[in-house]
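The structure appears right after this line, and notes come after that.
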Amino acid sequence: MKKIYCLLMLFVFFAAGCKTDNSEDAEYITDKFDPAFALELQKRGYIIRSDQIMASDVAYITELDIAGTQNVNNTGSLTSIRGIEYFTSLKILNCSYNKLMSLDVSKNESLEVLKCNENLLKDLNISNNSVLTELDCGYNLLETLDISLNTKLTNLTCSGNMLTSLDISNNNDLRELHCQHNMLHTIDVSNIKSLTSLYCLDNKLTQLDVSHNTNLTHLMCSDNLLSSIDIQNNRTLKNFTCKNNPGDGTTFHVTAWFDNNTIPSGFTSTGWEYDNRPISISYKK
């Protein structure tokens, strides 16, 4: 009898433990979500009911697309995606073309791709996203962007913001960098040997050193404050623009591995003049 009682008690404790675990999975977290975000999740088929959300409903989702459609005003109406922290397995998030003013994905530690371009973002927290490889936060209202802990980034687009500085000293795996249409005074790409595309046009750059970026195929540095540029080490370069830079006031000087008469086959350029000022190409073997 005593043995049966002990077995019965073990069963009760075991059942209680199971009930606790299951109750945690079955706990409603609806109030943790922005209502409009929850409704959008329901509309797009990610959850069944926006008024009854459990942690288990979203915990195993790896890709989430809640982007609006790009047009003059953008069609997305989301102002918040509060509750995104419960998508603990999320690897790809696209929330572009909405009206988000802040975004914190620091709890989404598995995130690899984040597209949040064309919102109204003033704050972006990606401080804990150490496996992030692709970030597009272009055309927002960002004045600062901290990517110092995102050391696996290979593609970064932060165009069309209000950045006056951009520290990429820890991002040595970058292959594509789009930072045009900002207010950058400097950009240091000297440590990024893997860089193939650099779009830094329409900033306030007074100098640009790409001598160490020998894998560059695309370099767009028009509409800055450059007096000259040296591309003699960039022999893989295929597309290059440097128009609308002041040069020395009369001439914009380019140091290359070719001259006007020996431009390599397949090499294209746009705008070799600035207000009818010629580009002077200095040939270096």
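Chain lettering (A, B, ...) mirrors the order of the structure tokens, residue numbering begins at 1 for each chain separately, and ligand numbering begins at 1 in order of display.
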
**Study point:** All residues 7 Å or closer to Gly138 in chain A, only C-alpha atoms, same chain fewer than 5 positions away omitted, as a ChimeraX atom specification
**Key:** /A:117-118,157-161

Just to be explicit: take each residue in the selection above, keep N, CA and C atoms, and write the result as a tab-separated table (two decimals), in the first residue's frame.
```
chain	number	residue	atom	x	y	z
A	117	ASN	N	13.98	49.24	-44.42
A	117	ASN	CA	14.13	50.47	-45.19
A	117	ASN	C	12.78	51.16	-45.41
A	118	GLU	N	12.85	52.44	-45.62
A	118	GLU	CA	11.70	53.29	-45.93
A	118	GLU	C	10.61	53.21	-44.85
A	157	THR	N	23.19	48.54	-46.27
A	157	THR	CA	22.60	49.69	-46.95
A	157	THR	C	22.03	50.62	-45.89
A	158	CYS	N	22.61	51.80	-45.80
A	158	CYS	CA	22.11	52.82	-44.85
A	158	CYS	C	21.93	54.14	-45.57
A	159	SER	N	21.65	54.08	-46.86
A	159	SER	CA	21.48	55.27	-47.69
A	159	SER	C	20.30	56.11	-47.22
A	160	GLY	N	20.35	57.40	-47.56
A	160	GLY	CA	19.19	58.25	-47.36
A	160	GLY	C	18.80	58.46	-45.92
A	161	ASN	N	19.79	58.57	-45.04
A	161	ASN	CA	19.52	58.89	-43.65
A	161	ASN	C	20.15	60.24	-43.31
```

Exercise for review: Please give the complete set of residues from range 62-124 of chain A that DSSP, run on the backbone, assigns to strand (DSSP E), formatted as a PyMOL selection string.
Suggested key: chain A and resi 63-65+92-94+102-104+113-115+123-124

Same residues, all heavy atoms, saved as a tab-separated table (two decimals), in the first residue's frame:
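Dumped to out_38.tsv:
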```tsv
chain	number	residue	atom	x	y	z
A	63	GLU	N	10.90	33.08	-40.90
A	63	GLU	CA	10.85	34.17	-41.88
A	63	GLU	C	9.55	34.95	-41.70
A	63	GLU	O	8.48	34.36	-41.63
A	63	GLU	CB	10.94	33.64	-43.31
A	63	GLU	CG	12.25	32.93	-43.62
A	63	GLU	CD	12.36	32.54	-45.08
A	63	GLU	OE1	11.65	33.15	-45.91
A	63	GLU	OE2	13.13	31.62	-45.39
A	64	LEU	N	9.67	36.26	-41.64
A	64	LEU	CA	8.50	37.11	-41.42
A	64	LEU	C	8.53	38.29	-42.39
A	64	LEU	O	9.48	39.08	-42.39
A	64	LEU	CB	8.48	37.64	-39.98
A	64	LEU	CG	7.30	38.52	-39.58
A	64	LEU	CD1	5.99	37.77	-39.71
A	64	LEU	CD2	7.49	39.04	-38.14
A	65	ASP	N	7.51	38.39	-43.23
A	65	ASP	CA	7.38	39.47	-44.20
A	65	ASP	C	6.12	40.27	-43.90
A	65	ASP	O	5.01	39.79	-44.12
A	65	ASP	CB	7.34	38.92	-45.62
A	65	ASP	CG	7.36	40.01	-46.68
A	65	ASP	OD1	7.21	41.20	-46.31
A	65	ASP	OD2	7.51	39.70	-47.87
A	92	ILE	N	14.88	35.88	-40.82
A	92	ILE	CA	14.69	36.90	-41.85
A	92	ILE	C	13.47	37.74	-41.48
A	92	ILE	O	12.38	37.21	-41.28
A	92	ILE	CB	14.48	36.26	-43.24
A	92	ILE	CG1	15.70	35.43	-43.63
A	92	ILE	CG2	14.23	37.34	-44.29
A	92	ILE	CD1	15.51	34.65	-44.93
A	93	LEU	N	13.66	39.06	-41.42
A	93	LEU	CA	12.57	39.98	-41.12
A	93	LEU	C	12.54	41.09	-42.16
A	93	LEU	O	13.54	41.78	-42.37
A	93	LEU	CB	12.74	40.59	-39.72
A	93	LEU	CG	11.78	41.73	-39.37
A	93	LEU	CD1	10.33	41.27	-39.42
A	93	LEU	CD2	12.13	42.32	-37.99
A	94	ASN	N	11.40	41.25	-42.81
A	94	ASN	CA	11.18	42.35	-43.75
A	94	ASN	C	10.00	43.17	-43.25
A	94	ASN	O	8.86	42.73	-43.29
A	94	ASN	CB	10.90	41.80	-45.15
A	94	ASN	CG	10.80	42.92	-46.19
A	94	ASN	OD1	10.84	44.10	-45.86
A	94	ASN	ND2	10.70	42.54	-47.45
A	102	SER	N	10.70	53.45	-34.33
A	102	SER	CA	11.78	52.80	-33.60
A	102	SER	C	11.66	51.30	-33.81
A	102	SER	O	10.56	50.78	-34.07
A	102	SER	CB	11.74	53.14	-32.10
A	102	SER	OG	10.56	52.61	-31.51
A	103	LEU	N	12.79	50.63	-33.72
A	103	LEU	CA	12.81	49.18	-33.94
A	103	LEU	C	13.88	48.56	-33.07
A	103	LEU	O	15.06	48.94	-33.15
A	103	LEU	CB	13.07	48.87	-35.41
A	103	LEU	CG	13.14	47.39	-35.80
A	103	LEU	CD1	11.84	46.67	-35.48
A	103	LEU	CD2	13.47	47.25	-37.29
A	104	ASP	N	13.48	47.61	-32.25
A	104	ASP	CA	14.40	46.89	-31.37
A	104	ASP	C	14.28	45.40	-31.66
A	104	ASP	O	13.27	44.78	-31.37
A	104	ASP	CB	14.07	47.17	-29.90
A	104	ASP	CG	15.07	46.54	-28.94
A	104	ASP	OD1	15.90	45.71	-29.39
A	104	ASP	OD2	15.02	46.86	-27.73
A	113	VAL	N	18.99	38.39	-41.59
A	113	VAL	CA	18.64	39.40	-42.59
A	113	VAL	C	17.57	40.33	-42.02
A	113	VAL	O	16.54	39.86	-41.55
A	113	VAL	CB	18.13	38.75	-43.89
A	113	VAL	CG1	17.70	39.81	-44.90
A	113	VAL	CG2	19.20	37.84	-44.50
A	114	LEU	N	17.84	41.63	-42.08
A	114	LEU	CA	16.88	42.62	-41.61
A	114	LEU	C	16.69	43.69	-42.68
A	114	LEU	O	17.65	44.37	-43.07
A	114	LEU	CB	17.35	43.27	-40.31
A	114	LEU	CG	16.51	44.45	-39.80
A	114	LEU	CD1	15.06	44.04	-39.57
A	114	LEU	CD2	17.12	45.05	-38.53
A	115	LYS	N	15.45	43.82	-43.15
A	115	LYS	CA	15.10	44.86	-44.10
A	115	LYS	C	14.05	45.75	-43.45
A	115	LYS	O	12.91	45.34	-43.25
A	115	LYS	CB	14.55	44.25	-45.39
A	115	LYS	CG	15.59	43.40	-46.13
A	115	LYS	CD	15.03	42.82	-47.42
A	115	LYS	CE	16.08	41.98	-48.13
A	115	LYS	NZ	15.56	41.43	-49.42
A	123	ASP	N	15.45	55.37	-34.25
A	123	ASP	CA	16.20	54.48	-33.36
A	123	ASP	C	16.16	53.06	-33.92
A	123	ASP	O	15.09	52.56	-34.28
A	123	ASP	CB	15.62	54.48	-31.95
A	123	ASP	CG	15.67	55.84	-31.30
A	123	ASP	OD1	16.79	56.33	-31.07
A	123	ASP	OD2	14.60	56.41	-31.04
A	124	LEU	N	17.32	52.42	-33.97
A	124	LEU	CA	17.43	51.04	-34.43
A	124	LEU	C	18.39	50.31	-33.51
A	124	LEU	O	19.58	50.66	-33.43
A	124	LEU	CB	17.93	50.99	-35.87
A	124	LEU	CG	18.19	49.59	-36.45
A	124	LEU	CD1	16.91	48.76	-36.46
A	124	LEU	CD2	18.78	49.70	-37.86
```

Practice item. Would you work out the distance separating CA of Asp167 in chain A from CA of Leu142 in chain A, expressed in Å to one decimal? Key: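 We find that CA of Asp167 in chain A and CA of Leu142 in chain A lie 14.2 Å from each other.
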